[in-house]
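K.L.:
Below: one structure in structure tokens.
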Amino acid sequence: MEAMEGRMDGQVHTMENKQELEQIEIELLLSGVHRLYGYDFRNYAMPSLKRRIWHHVHSENVPNISALQEKVLHDRACFERFVYSLSIPVTEMFRDPSLFLTFRQKVVPLLRTYPYIRIWHAGCSTGEEVYSMAILLHEEGLYDKARIYATDMNERSLQQAKEGLYDIGKMKQYTKNYMAAGGTRAFSEYYTAKYNSVMLQPFLRKNIIFAEHNLATDTSFNEFNVIFCRNVMIYFNDELRDHVHGLFHESLSRFGVLVLGAKESIHFTRYSDSYEPLDRIEKIYRKNK
């Protein structure tokens with residue numbers, strides 16, 4: 001009996017040691033990436049971060065996180081793949097159509113009162129939601145007086161966003177989203193087919209500025225009437241989430257509008273009293289102080 005208990009204690013200690021070693025390896029990897037490349041993932045939520053790191057360990061065909069660290073720090077191409085895998089480029093045009101429909105109904109009337117409109121899409125990924133906003137503003141007669149700033153930390157995603165080139169197989173779903181979001185035309189007017197891809201019409205890009213920006217490390221760069229940041233902060237821990245909300249609060253003009261993702265909220269942050277909900281369900285908030 002004592003021998004069995006000893007073996008169980010040993011297994012527990014071994015498991016604890018493995019977990020501690022894993023944590024040390026992750027901390028060293030993230031510290032190295034921050035010091036060498038300036039990308040700071042140290043305040044990302046650990047469970048999802050850990051899963052993505054291990055996925056990248058396997059995709060790079062290395063035995064452990066320490067080996068991944070060595071490869072990431074010595075191989076720029078490996079580092080770029082690593083950043084791409086952590087930035088979670090998942091999006092679609094008119095994603096969550098009810099949000100865009102509500103934006104038309106509740107935010108567009110406010111934007112009509114402004115002589116000039118500045119919108120920031122933070123964490124824009126490959127740009128689908130940015131172009132969705134351009135289409136919406138075009139249909140509402142507001143695009144000519146608007147500037148959309150589309151930022152992401154991922155250079156590869158930004159490049160695709162700049163090109164406005166997307167898989168033709170996704171157009172059926174995008175068309176469905178567009179119609180549910182209150183679209184007023186034939187969605188096919190906004191793109192031309194090109195082999196297995198579609199190219200969005202060039203006029204949609206004319207008032208969009210694409211730029212690299214890291215929410216974890218970079219500062220405010222303008223004053224905005226609207227900030228879109230959807231399904232980005234769910235991957236941050238409380239400290240980083242609070243930091244980003246501070247950045248947005250600083251960047252929004254008085255009565256500016258903040259749009260968050262379905263699983264995100266302004267509540268439980270130190271800025272919750274600075275906003276009033278325009279729509280609680282769609283997570284659209286208006287800055288009141």
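We label chains A, B, ... in the order they appear in the structure tokens, count residues from 1 in each chain, and number ligands from 1 in the order shown.
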Tell me, as number ranges by chain, which residues lie within 10 Å of Lys263 in chain A, counting only C-alpha atoms; anything in the same chain fewer than 6 positions away does not count.
P.N.:
A: 230-234, 282-283
K.L.:
Output C-alpha atoms for every residue in that selection, as a PDB file, in the first residue's frame.
P.N.:
```pdb
ATOM      1  CA  ARG A 230     -14.721  42.282 -32.549  1.00  0.00           C
ATOM      2  CA  ASN A 231     -13.628  38.884 -31.254  1.00  0.00           C
ATOM      3  CA  VAL A 232     -10.080  40.057 -30.569  1.00  0.00           C
ATOM      4  CA  MET A 233     -10.022  40.688 -26.830  1.00  0.00           C
ATOM      5  CA  ILE A 234     -11.462  37.254 -26.009  1.00  0.00           C
ATOM      6  CA  GLU A 282     -25.126  43.627 -30.420  1.00  0.00           C
ATOM      7  CA  LYS A 283     -22.546  45.103 -28.014  1.00  0.00           C
TER       8      LYS A 283
END
```
K.L.:
Write out, as a tab-separated table, each residue of range 78-195 of chain A that has an atom at most 6 Å from range 209-212 of chain A, together with the closest pair of atoms and their distance in Å to one decimal, counting only C-alpha atoms, rows going by chain and rising number.
P.N.:
```
residue	atom	partner	partner_atom	distance
A:Tyr149	CA	A:Ile209	CA	4.9
A:Ala150	CA	A:Phe210	CA	4.8
A:Thr151	CA	A:Ala211	CA	5.0
A:Asp152	CA	A:Glu212	CA	5.2
A:Met153	CA	A:Glu212	CA	5.2
```
K.L.:
Would you save the residues of that selection, restricted to all heavy atoms, as an mmCIF file, in the first residue's frame?
P.N.:
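Below you can see out_18.cif, which holds the result:
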```cif
data_model
loop_
_atom_site.group_PDB
_atom_site.id
_atom_site.type_symbol
_atom_site.label_atom_id
_atom_site.label_comp_id
_atom_site.auth_asym_id
_atom_site.auth_seq_id
_atom_site.Cartn_x
_atom_site.Cartn_y
_atom_site.Cartn_z
ATOM 1 N N TYR A 149 -9.632 53.271 -41.003
ATOM 2 C CA TYR A 149 -8.274 52.855 -40.650
ATOM 3 C C TYR A 149 -8.344 51.391 -40.231
ATOM 4 O O TYR A 149 -8.976 51.052 -39.225
ATOM 5 C CB TYR A 149 -7.717 53.715 -39.525
ATOM 6 C CG TYR A 149 -7.560 55.171 -39.909
ATOM 7 C CD1 TYR A 149 -8.662 56.026 -39.905
ATOM 8 C CD2 TYR A 149 -6.328 55.682 -40.298
ATOM 9 C CE1 TYR A 149 -8.539 57.361 -40.277
ATOM 10 C CE2 TYR A 149 -6.194 57.014 -40.664
ATOM 11 C CZ TYR A 149 -7.301 57.853 -40.653
ATOM 12 O OH TYR A 149 -7.170 59.167 -41.034
ATOM 13 N N ALA A 150 -7.726 50.525 -41.013
ATOM 14 C CA ALA A 150 -7.781 49.078 -40.767
ATOM 15 C C ALA A 150 -6.407 48.613 -40.318
ATOM 16 O O ALA A 150 -5.436 48.708 -41.075
ATOM 17 C CB ALA A 150 -8.203 48.350 -42.043
ATOM 18 N N THR A 151 -6.322 48.136 -39.086
ATOM 19 C CA THR A 151 -5.019 47.766 -38.533
ATOM 20 C C THR A 151 -5.006 46.334 -38.029
ATOM 21 O O THR A 151 -6.030 45.794 -37.597
ATOM 22 C CB THR A 151 -4.624 48.704 -37.370
ATOM 23 O OG1 THR A 151 -5.525 48.509 -36.264
ATOM 24 C CG2 THR A 151 -4.660 50.162 -37.806
ATOM 25 N N ASP A 152 -3.834 45.748 -38.078
ATOM 26 C CA ASP A 152 -3.615 44.416 -37.536
ATOM 27 C C ASP A 152 -2.124 44.282 -37.271
ATOM 28 O O ASP A 152 -1.309 44.984 -37.880
ATOM 29 C CB ASP A 152 -4.087 43.341 -38.530
ATOM 30 C CG ASP A 152 -4.351 42.003 -37.848
ATOM 31 O OD1 ASP A 152 -3.400 41.206 -37.687
ATOM 32 O OD2 ASP A 152 -5.506 41.760 -37.462
ATOM 33 N N MET A 153 -1.760 43.376 -36.384
ATOM 34 C CA MET A 153 -0.340 43.163 -36.119
ATOM 35 C C MET A 153 0.281 42.211 -37.123
ATOM 36 O O MET A 153 1.498 42.072 -37.198
ATOM 37 C CB MET A 153 -0.137 42.602 -34.706
ATOM 38 C CG MET A 153 -0.642 41.192 -34.543
ATOM 39 S SD MET A 153 -0.198 40.533 -32.922
ATOM 40 C CE MET A 153 -0.834 38.862 -33.080
#
```
K.L.:
Based on the backbone DSSP call, show me all residues of range 12-191 of chain A assigned alpha helix (DSSP H), as a ChimeraX atom specification.
P.N.:
/A:12-37,46-59,65-74,76-86,97-106,108-111,128-139,155-163,171-180
K.L.:
Keeping only C-alpha atoms, write the selected residues as a tab-separated table (two decimals), in the first residue's frame.
P.N.:
```
chain	number	residue	atom	x	y	z
A	12	VAL	CA	1.79	13.75	-9.21
A	13	HIS	CA	5.21	15.37	-8.77
A	14	THR	CA	6.18	14.39	-12.30
A	15	MET	CA	2.99	15.94	-13.66
A	16	GLU	CA	3.59	19.11	-11.65
A	17	ASN	CA	7.17	19.25	-12.90
A	18	LYS	CA	6.01	18.89	-16.51
A	19	GLN	CA	3.48	21.67	-16.08
A	20	GLU	CA	6.08	23.92	-14.45
A	21	LEU	CA	8.57	23.17	-17.22
A	22	GLU	CA	5.94	23.91	-19.86
A	23	GLN	CA	5.15	27.25	-18.19
A	24	ILE	CA	8.85	28.16	-18.06
A	25	GLU	CA	9.29	27.27	-21.74
A	26	ILE	CA	6.27	29.38	-22.74
A	27	GLU	CA	7.48	32.36	-20.71
A	28	LEU	CA	10.95	32.15	-22.26
A	29	LEU	CA	9.50	31.85	-25.76
A	30	LEU	CA	7.22	34.87	-25.35
A	31	SER	CA	9.94	36.92	-23.66
A	32	GLY	CA	12.35	36.14	-26.49
A	33	VAL	CA	9.80	37.09	-29.15
A	34	HIS	CA	9.07	40.34	-27.34
A	35	ARG	CA	12.72	41.29	-26.90
A	36	LEU	CA	13.85	40.36	-30.38
A	37	TYR	CA	10.84	41.25	-32.52
A	46	MET	CA	-3.07	31.23	-21.32
A	47	PRO	CA	-5.41	28.31	-22.22
A	48	SER	CA	-5.92	29.33	-25.86
A	49	LEU	CA	-2.32	30.58	-26.15
A	50	LYS	CA	-0.98	27.25	-24.91
A	51	ARG	CA	-3.11	25.31	-27.42
A	52	ARG	CA	-1.88	27.42	-30.31
A	53	ILE	CA	1.75	27.16	-29.25
A	54	TRP	CA	1.54	23.36	-29.11
A	55	HIS	CA	-0.22	23.32	-32.48
A	56	HIS	CA	2.69	25.32	-33.86
A	57	VAL	CA	5.20	22.98	-32.23
A	58	HIS	CA	3.66	20.12	-34.21
A	59	SER	CA	3.31	22.09	-37.45
A	65	ILE	CA	8.51	24.42	-26.95
A	66	SER	CA	12.21	25.05	-26.29
A	67	ALA	CA	13.03	23.77	-29.76
A	68	LEU	CA	10.31	26.02	-31.18
A	69	GLN	CA	11.86	28.98	-29.35
A	70	GLU	CA	15.25	28.30	-30.95
A	71	LYS	CA	13.70	28.09	-34.41
A	72	VAL	CA	11.52	31.18	-33.96
A	73	LEU	CA	14.43	33.29	-32.73
A	74	HIS	CA	16.83	32.20	-35.48
A	76	ARG	CA	12.50	34.98	-39.49
A	77	ALA	CA	10.16	32.94	-41.71
A	78	CYS	CA	9.36	30.66	-38.76
A	79	PHE	CA	8.66	33.72	-36.60
A	80	GLU	CA	6.25	35.09	-39.22
A	81	ARG	CA	4.41	31.76	-39.32
A	82	PHE	CA	4.29	31.81	-35.52
A	83	VAL	CA	2.74	35.31	-35.43
A	84	TYR	CA	0.22	34.31	-38.09
A	85	SER	CA	-0.84	31.27	-36.07
A	86	LEU	CA	-1.31	33.34	-32.90
A	97	PRO	CA	-25.42	40.23	-40.00
A	98	SER	CA	-27.72	41.46	-37.23
A	99	LEU	CA	-24.84	43.60	-35.94
A	100	PHE	CA	-24.44	45.35	-39.28
A	101	LEU	CA	-28.22	45.78	-39.61
A	102	THR	CA	-28.34	47.37	-36.15
A	103	PHE	CA	-25.36	49.57	-37.08
A	104	ARG	CA	-27.34	50.84	-40.08
A	105	GLN	CA	-30.35	51.57	-37.94
A	106	LYS	CA	-28.76	53.04	-34.81
A	108	VAL	CA	-25.61	55.58	-39.25
A	109	PRO	CA	-28.10	58.33	-38.21
A	110	LEU	CA	-25.45	59.62	-35.78
A	111	LEU	CA	-22.76	59.54	-38.46
A	128	GLU	CA	-13.60	41.22	-44.78
A	129	GLU	CA	-15.36	43.29	-42.12
A	130	VAL	CA	-13.54	46.42	-43.27
A	131	TYR	CA	-14.91	46.06	-46.79
A	132	SER	CA	-18.32	45.27	-45.30
A	133	MET	CA	-18.20	48.66	-43.59
A	134	ALA	CA	-17.13	50.36	-46.83
A	135	ILE	CA	-20.12	48.80	-48.64
A	136	LEU	CA	-22.51	49.80	-45.85
A	137	LEU	CA	-21.27	53.42	-45.84
A	138	HIS	CA	-21.41	53.54	-49.65
A	139	GLU	CA	-25.05	52.43	-49.63
A	155	GLU	CA	1.61	41.65	-41.98
A	156	ARG	CA	0.47	38.60	-43.93
A	157	SER	CA	-3.19	39.20	-43.10
A	158	LEU	CA	-2.87	42.89	-43.93
A	159	GLN	CA	-1.41	42.09	-47.33
A	160	GLN	CA	-4.43	39.98	-48.21
A	161	ALA	CA	-6.71	42.72	-46.92
A	162	LYS	CA	-5.00	45.29	-49.15
A	163	GLU	CA	-5.47	43.07	-52.20
A	171	MET	CA	-19.50	34.32	-51.89
A	172	LYS	CA	-22.71	32.37	-51.34
A	173	GLN	CA	-22.41	32.79	-47.55
A	174	TYR	CA	-21.25	36.39	-47.89
A	175	THR	CA	-24.23	37.19	-50.10
A	176	LYS	CA	-26.57	35.66	-47.53
A	177	ASN	CA	-24.89	37.72	-44.77
A	178	TYR	CA	-25.11	40.89	-46.86
A	179	MET	CA	-28.83	40.53	-47.48
A	180	ALA	CA	-29.53	39.78	-43.81
```
K.L.:
I'd like the contact shell of Arg118 in chain A - 9 Å cut-off, only C-alpha atoms, skipping same-chain residues fewer than 4 positions apart - returned as a PDB file with all heavy atoms, in the first residue's frame.
P.N.:
```pdb
ATOM      1  N   LYS A 145     -17.237  60.821 -47.355  1.00  0.00           N
ATOM      2  CA  LYS A 145     -16.721  61.667 -46.270  1.00  0.00           C
ATOM      3  C   LYS A 145     -16.134  60.827 -45.123  1.00  0.00           C
ATOM      4  O   LYS A 145     -15.979  61.321 -44.011  1.00  0.00           O
ATOM      5  CB  LYS A 145     -17.812  62.604 -45.762  1.00  0.00           C
ATOM      6  CG  LYS A 145     -18.973  61.944 -45.024  1.00  0.00           C
ATOM      7  CD  LYS A 145     -19.884  63.025 -44.430  1.00  0.00           C
ATOM      8  CE  LYS A 145     -21.005  62.439 -43.591  1.00  0.00           C
ATOM      9  NZ  LYS A 145     -21.837  63.498 -42.963  1.00  0.00           N
ATOM     10  N   ALA A 146     -15.821  59.585 -45.420  1.00  0.00           N
ATOM     11  CA  ALA A 146     -15.299  58.685 -44.383  1.00  0.00           C
ATOM     12  C   ALA A 146     -13.860  58.261 -44.675  1.00  0.00           C
ATOM     13  O   ALA A 146     -13.440  58.199 -45.841  1.00  0.00           O
ATOM     14  CB  ALA A 146     -16.184  57.450 -44.287  1.00  0.00           C
ATOM     15  N   ARG A 147     -13.139  57.972 -43.605  1.00  0.00           N
ATOM     16  CA  ARG A 147     -11.840  57.302 -43.686  1.00  0.00           C
ATOM     17  C   ARG A 147     -11.893  56.109 -42.736  1.00  0.00           C
ATOM     18  O   ARG A 147     -12.261  56.262 -41.570  1.00  0.00           O
ATOM     19  CB  ARG A 147     -10.690  58.221 -43.276  1.00  0.00           C
ATOM     20  CG  ARG A 147     -10.313  59.255 -44.300  1.00  0.00           C
ATOM     21  CD  ARG A 147      -9.634  58.637 -45.512  1.00  0.00           C
ATOM     22  NE  ARG A 147      -9.237  59.657 -46.471  1.00  0.00           N
ATOM     23  CZ  ARG A 147     -10.015  60.198 -47.392  1.00  0.00           C
ATOM     24  NH1 ARG A 147     -11.291  59.817 -47.454  1.00  0.00           N
ATOM     25  NH2 ARG A 147      -9.567  61.106 -48.224  1.00  0.00           N
ATOM     26  N   ILE A 148     -11.542  54.960 -43.273  1.00  0.00           N
ATOM     27  CA  ILE A 148     -11.497  53.741 -42.458  1.00  0.00           C
ATOM     28  C   ILE A 148     -10.048  53.354 -42.245  1.00  0.00           C
ATOM     29  O   ILE A 148      -9.306  53.146 -43.217  1.00  0.00           O
ATOM     30  CB  ILE A 148     -12.259  52.587 -43.131  1.00  0.00           C
ATOM     31  CG1 ILE A 148     -13.718  52.974 -43.387  1.00  0.00           C
ATOM     32  CG2 ILE A 148     -12.191  51.329 -42.269  1.00  0.00           C
ATOM     33  CD1 ILE A 148     -14.507  51.924 -44.152  1.00  0.00           C
ATOM     34  N   TYR A 149      -9.632  53.271 -41.003  1.00  0.00           N
ATOM     35  CA  TYR A 149      -8.274  52.855 -40.650  1.00  0.00           C
ATOM     36  C   TYR A 149      -8.344  51.391 -40.231  1.00  0.00           C
ATOM     37  O   TYR A 149      -8.976  51.052 -39.225  1.00  0.00           O
ATOM     38  CB  TYR A 149      -7.717  53.715 -39.525  1.00  0.00           C
ATOM     39  CG  TYR A 149      -7.560  55.171 -39.909  1.00  0.00           C
ATOM     40  CD1 TYR A 149      -8.662  56.026 -39.905  1.00  0.00           C
ATOM     41  CD2 TYR A 149      -6.328  55.682 -40.298  1.00  0.00           C
ATOM     42  CE1 TYR A 149      -8.539  57.361 -40.277  1.00  0.00           C
ATOM     43  CE2 TYR A 149      -6.194  57.014 -40.664  1.00  0.00           C
ATOM     44  CZ  TYR A 149      -7.301  57.853 -40.653  1.00  0.00           C
ATOM     45  OH  TYR A 149      -7.170  59.167 -41.034  1.00  0.00           O
ATOM     46  N   ASN A 222      -4.968  58.471 -33.491  1.00  0.00           N
ATOM     47  CA  ASN A 222      -5.932  59.398 -34.070  1.00  0.00           C
ATOM     48  C   ASN A 222      -7.152  59.469 -33.148  1.00  0.00           C
ATOM     49  O   ASN A 222      -7.227  58.753 -32.153  1.00  0.00           O
ATOM     50  CB  ASN A 222      -6.359  58.945 -35.470  1.00  0.00           C
ATOM     51  CG  ASN A 222      -6.705  60.114 -36.380  1.00  0.00           C
ATOM     52  OD1 ASN A 222      -7.220  61.129 -35.929  1.00  0.00           O
ATOM     53  ND2 ASN A 222      -6.406  59.974 -37.676  1.00  0.00           N
ATOM     54  N   GLU A 223      -8.091  60.321 -33.496  1.00  0.00           N
ATOM     55  CA  GLU A 223      -9.368  60.383 -32.779  1.00  0.00           C
ATOM     56  C   GLU A 223     -10.440  59.861 -33.720  1.00  0.00           C
ATOM     57  O   GLU A 223     -10.522  60.283 -34.878  1.00  0.00           O
ATOM     58  CB  GLU A 223      -9.686  61.815 -32.362  1.00  0.00           C
ATOM     59  CG  GLU A 223     -10.948  61.924 -31.518  1.00  0.00           C
ATOM     60  CD  GLU A 223     -11.215  63.339 -31.050  1.00  0.00           C
ATOM     61  OE1 GLU A 223     -11.630  64.173 -31.880  1.00  0.00           O
ATOM     62  OE2 GLU A 223     -11.009  63.614 -29.858  1.00  0.00           O
ATOM     63  N   PHE A 224     -11.284  58.946 -33.225  1.00  0.00           N
ATOM     64  CA  PHE A 224     -12.228  58.244 -34.082  1.00  0.00           C
ATOM     65  C   PHE A 224     -13.673  58.443 -33.620  1.00  0.00           C
ATOM     66  O   PHE A 224     -13.948  58.584 -32.431  1.00  0.00           O
ATOM     67  CB  PHE A 224     -11.910  56.745 -34.096  1.00  0.00           C
ATOM     68  CG  PHE A 224     -10.535  56.443 -34.629  1.00  0.00           C
ATOM     69  CD1 PHE A 224      -9.471  56.258 -33.755  1.00  0.00           C
ATOM     70  CD2 PHE A 224     -10.301  56.361 -35.989  1.00  0.00           C
ATOM     71  CE1 PHE A 224      -8.201  56.001 -34.239  1.00  0.00           C
ATOM     72  CE2 PHE A 224      -9.036  56.096 -36.490  1.00  0.00           C
ATOM     73  CZ  PHE A 224      -7.980  55.916 -35.608  1.00  0.00           C
ATOM     74  N   ASN A 225     -14.569  58.410 -34.601  1.00  0.00           N
ATOM     75  CA  ASN A 225     -16.001  58.440 -34.308  1.00  0.00           C
ATOM     76  C   ASN A 225     -16.539  57.048 -34.007  1.00  0.00           C
ATOM     77  O   ASN A 225     -17.513  56.904 -33.262  1.00  0.00           O
ATOM     78  CB  ASN A 225     -16.766  59.022 -35.495  1.00  0.00           C
ATOM     79  CG  ASN A 225     -16.259  60.381 -35.907  1.00  0.00           C
ATOM     80  OD1 ASN A 225     -15.690  60.534 -36.990  1.00  0.00           O
ATOM     81  ND2 ASN A 225     -16.432  61.373 -35.060  1.00  0.00           N
ATOM     82  N   VAL A 226     -15.906  56.024 -34.592  1.00  0.00           N
ATOM     83  CA  VAL A 226     -16.304  54.636 -34.380  1.00  0.00           C
ATOM     84  C   VAL A 226     -15.062  53.767 -34.273  1.00  0.00           C
ATOM     85  O   VAL A 226     -14.110  53.946 -35.041  1.00  0.00           O
ATOM     86  CB  VAL A 226     -17.182  54.105 -35.545  1.00  0.00           C
ATOM     87  CG1 VAL A 226     -17.542  52.631 -35.317  1.00  0.00           C
ATOM     88  CG2 VAL A 226     -18.439  54.938 -35.713  1.00  0.00           C
ATOM     89  N   ILE A 227     -15.063  52.845 -33.322  1.00  0.00           N
ATOM     90  CA  ILE A 227     -14.024  51.814 -33.243  1.00  0.00           C
ATOM     91  C   ILE A 227     -14.691  50.452 -33.272  1.00  0.00           C
ATOM     92  O   ILE A 227     -15.571  50.163 -32.451  1.00  0.00           O
ATOM     93  CB  ILE A 227     -13.160  51.956 -31.978  1.00  0.00           C
ATOM     94  CG1 ILE A 227     -12.380  53.282 -32.003  1.00  0.00           C
ATOM     95  CG2 ILE A 227     -12.188  50.772 -31.864  1.00  0.00           C
ATOM     96  CD1 ILE A 227     -11.531  53.517 -30.763  1.00  0.00           C
TER      97      ILE A 227
END
```
K.L.:
Would you mind listing what lies within 9 Å of range 243-248 of chain A as a list of chain:residue names, with only C-alpha atoms counted and same-chain residues fewer than 6 positions away left out?
P.N.:
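Contacts, with the query itself left out: A:Leu215, A:Ala216, A:Thr219, A:Ser220, A:Ile227, A:Met233, A:Leu258, A:Ile266, A:Thr269, A:Arg270, A:Tyr271.
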K.L.:
Between CA of Glu250 in chain A and CA of Arg280 in chain A, what distance in Å does the model show, to one decimal?
P.N.:
21.9 Å
K.L.:
With only C-alpha atoms as the counted atoms, please give the residues lying no more than 6 Å from Ile284 in chain A, apart from itself and same-chain residues fewer than 3 positions off, as a list in words.
P.N.:
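My list of contacting residues is Leu258, Val259, Leu278 and Asp279 of chain A.
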K.L.:
So which residues touch range 197-203 of chain A within 9 Å, counting only C-alpha atoms, skipping near sequence neighbours fewer than 5 positions away, as a compact mmCIF listing (two decimals) with all heavy atoms, in the first residue's frame?
P.N.:
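The result, written out as out_6.txt:
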```txt
# COMPACT_ATOMS: atom_id res chain seq x y z
N TYR A 131 -14.21 45.84 -45.52
CA TYR A 131 -14.91 46.06 -46.79
C TYR A 131 -16.43 46.04 -46.59
O TYR A 131 -17.17 46.73 -47.30
CB TYR A 131 -14.49 45.02 -47.81
CG TYR A 131 -13.07 45.22 -48.31
CD1 TYR A 131 -12.06 44.32 -48.00
CD2 TYR A 131 -12.74 46.34 -49.08
CE1 TYR A 131 -10.77 44.51 -48.45
CE2 TYR A 131 -11.44 46.54 -49.53
CZ TYR A 131 -10.45 45.62 -49.22
OH TYR A 131 -9.17 45.83 -49.67
N GLU A 163 -5.18 43.58 -50.86
CA GLU A 163 -5.47 43.07 -52.20
C GLU A 163 -6.97 42.94 -52.45
O GLU A 163 -7.42 43.06 -53.59
CB GLU A 163 -4.80 41.69 -52.39
CG GLU A 163 -3.28 41.76 -52.42
CD GLU A 163 -2.64 40.39 -52.37
OE1 GLU A 163 -3.38 39.39 -52.21
OE2 GLU A 163 -1.40 40.31 -52.48
N GLY A 164 -7.75 42.70 -51.41
CA GLY A 164 -9.19 42.55 -51.57
C GLY A 164 -9.55 41.36 -52.43
O GLY A 164 -10.52 41.39 -53.20
N LEU A 165 -8.78 40.29 -52.29
CA LEU A 165 -8.95 39.08 -53.11
C LEU A 165 -9.39 37.94 -52.21
O LEU A 165 -8.68 37.59 -51.26
CB LEU A 165 -7.62 38.74 -53.80
CG LEU A 165 -7.64 37.70 -54.90
CD1 LEU A 165 -8.43 38.19 -56.11
CD2 LEU A 165 -6.20 37.35 -55.33
N TYR A 166 -10.56 37.34 -52.50
CA TYR A 166 -11.11 36.33 -51.61
C TYR A 166 -11.62 35.10 -52.39
O TYR A 166 -11.87 35.17 -53.60
CB TYR A 166 -12.24 36.93 -50.77
CG TYR A 166 -11.78 38.08 -49.91
CD1 TYR A 166 -12.13 39.39 -50.22
CD2 TYR A 166 -10.96 37.86 -48.80
CE1 TYR A 166 -11.68 40.46 -49.45
CE2 TYR A 166 -10.51 38.92 -48.03
CZ TYR A 166 -10.86 40.21 -48.36
OH TYR A 166 -10.41 41.26 -47.59
N ASP A 167 -11.77 34.02 -51.67
CA ASP A 167 -12.19 32.75 -52.24
C ASP A 167 -13.62 32.85 -52.79
O ASP A 167 -14.54 33.25 -52.07
CB ASP A 167 -12.11 31.67 -51.16
CG ASP A 167 -12.47 30.28 -51.65
OD1 ASP A 167 -12.82 30.12 -52.83
OD2 ASP A 167 -12.41 29.34 -50.82
N ILE A 168 -13.79 32.48 -54.05
CA ILE A 168 -15.11 32.58 -54.67
C ILE A 168 -16.13 31.64 -54.00
O ILE A 168 -17.33 31.91 -54.00
CB ILE A 168 -15.02 32.27 -56.19
CG1 ILE A 168 -16.28 32.78 -56.90
CG2 ILE A 168 -14.78 30.78 -56.45
CD1 ILE A 168 -16.17 32.76 -58.41
N GLY A 169 -15.63 30.59 -53.38
CA GLY A 169 -16.51 29.64 -52.71
C GLY A 169 -17.23 30.21 -51.50
O GLY A 169 -18.22 29.65 -51.04
N MET A 171 -18.58 33.26 -51.48
CA MET A 171 -19.50 34.32 -51.89
C MET A 171 -20.96 34.00 -51.58
O MET A 171 -21.76 34.89 -51.32
CB MET A 171 -19.33 34.63 -53.37
CG MET A 171 -18.03 35.35 -53.70
SD MET A 171 -17.78 36.89 -52.76
CE MET A 171 -16.44 36.38 -51.66
N GLU A 189 -22.53 43.11 -57.42
CA GLU A 189 -22.05 44.38 -57.96
C GLU A 189 -20.72 44.80 -57.34
O GLU A 189 -20.01 45.63 -57.93
CB GLU A 189 -23.08 45.49 -57.69
CG GLU A 189 -24.38 45.35 -58.45
CD GLU A 189 -25.32 46.50 -58.16
OE1 GLU A 189 -24.86 47.53 -57.63
OE2 GLU A 189 -26.54 46.37 -58.45
N TYR A 190 -20.39 44.24 -56.21
CA TYR A 190 -19.22 44.70 -55.47
C TYR A 190 -17.96 43.88 -55.75
O TYR A 190 -16.92 44.14 -55.14
CB TYR A 190 -19.52 44.71 -53.97
CG TYR A 190 -20.58 45.71 -53.60
CD1 TYR A 190 -21.83 45.31 -53.16
CD2 TYR A 190 -20.32 47.07 -53.70
CE1 TYR A 190 -22.81 46.23 -52.83
CE2 TYR A 190 -21.30 48.01 -53.37
CZ TYR A 190 -22.54 47.59 -52.94
OH TYR A 190 -23.50 48.52 -52.64
N TYR A 191 -18.04 42.92 -56.65
CA TYR A 191 -16.84 42.14 -56.96
C TYR A 191 -16.89 41.61 -58.39
O TYR A 191 -17.95 41.58 -59.02
CB TYR A 191 -16.67 40.98 -55.98
CG TYR A 191 -17.77 39.93 -56.01
CD1 TYR A 191 -17.76 38.89 -56.95
CD2 TYR A 191 -18.84 39.98 -55.10
CE1 TYR A 191 -18.77 37.93 -56.98
CE2 TYR A 191 -19.85 39.02 -55.13
CZ TYR A 191 -19.80 38.01 -56.06
OH TYR A 191 -20.79 37.06 -56.10
N THR A 192 -15.72 41.22 -58.86
CA THR A 192 -15.62 40.55 -60.16
C THR A 192 -14.93 39.21 -59.95
O THR A 192 -13.97 39.11 -59.17
CB THR A 192 -14.82 41.39 -61.17
OG1 THR A 192 -13.53 41.71 -60.62
CG2 THR A 192 -15.55 42.67 -61.50
```
K.L.:
Can you list, as a list in words, every residue of range 128-223 of chain A that DSSP puts in strand (DSSP E or B)?
P.N.:
Ala146, Arg147, Ile148, Tyr149, Ala150, Thr151, Asp152, Leu165, Tyr166, Asp167, Tyr191, Thr192, Ala193, Lys194, Ser197, Val198, Met199, Leu200, Ile208, Ile209, Phe210, Ala211 and Glu212 of chain A
K.L.:
Nearest to Tyr143 in chain A: which of A:Lys289, A:Asp96, A:Asn61, A:Tyr116 is it, counting only C-alpha atoms?
P.N.:
A:Tyr116
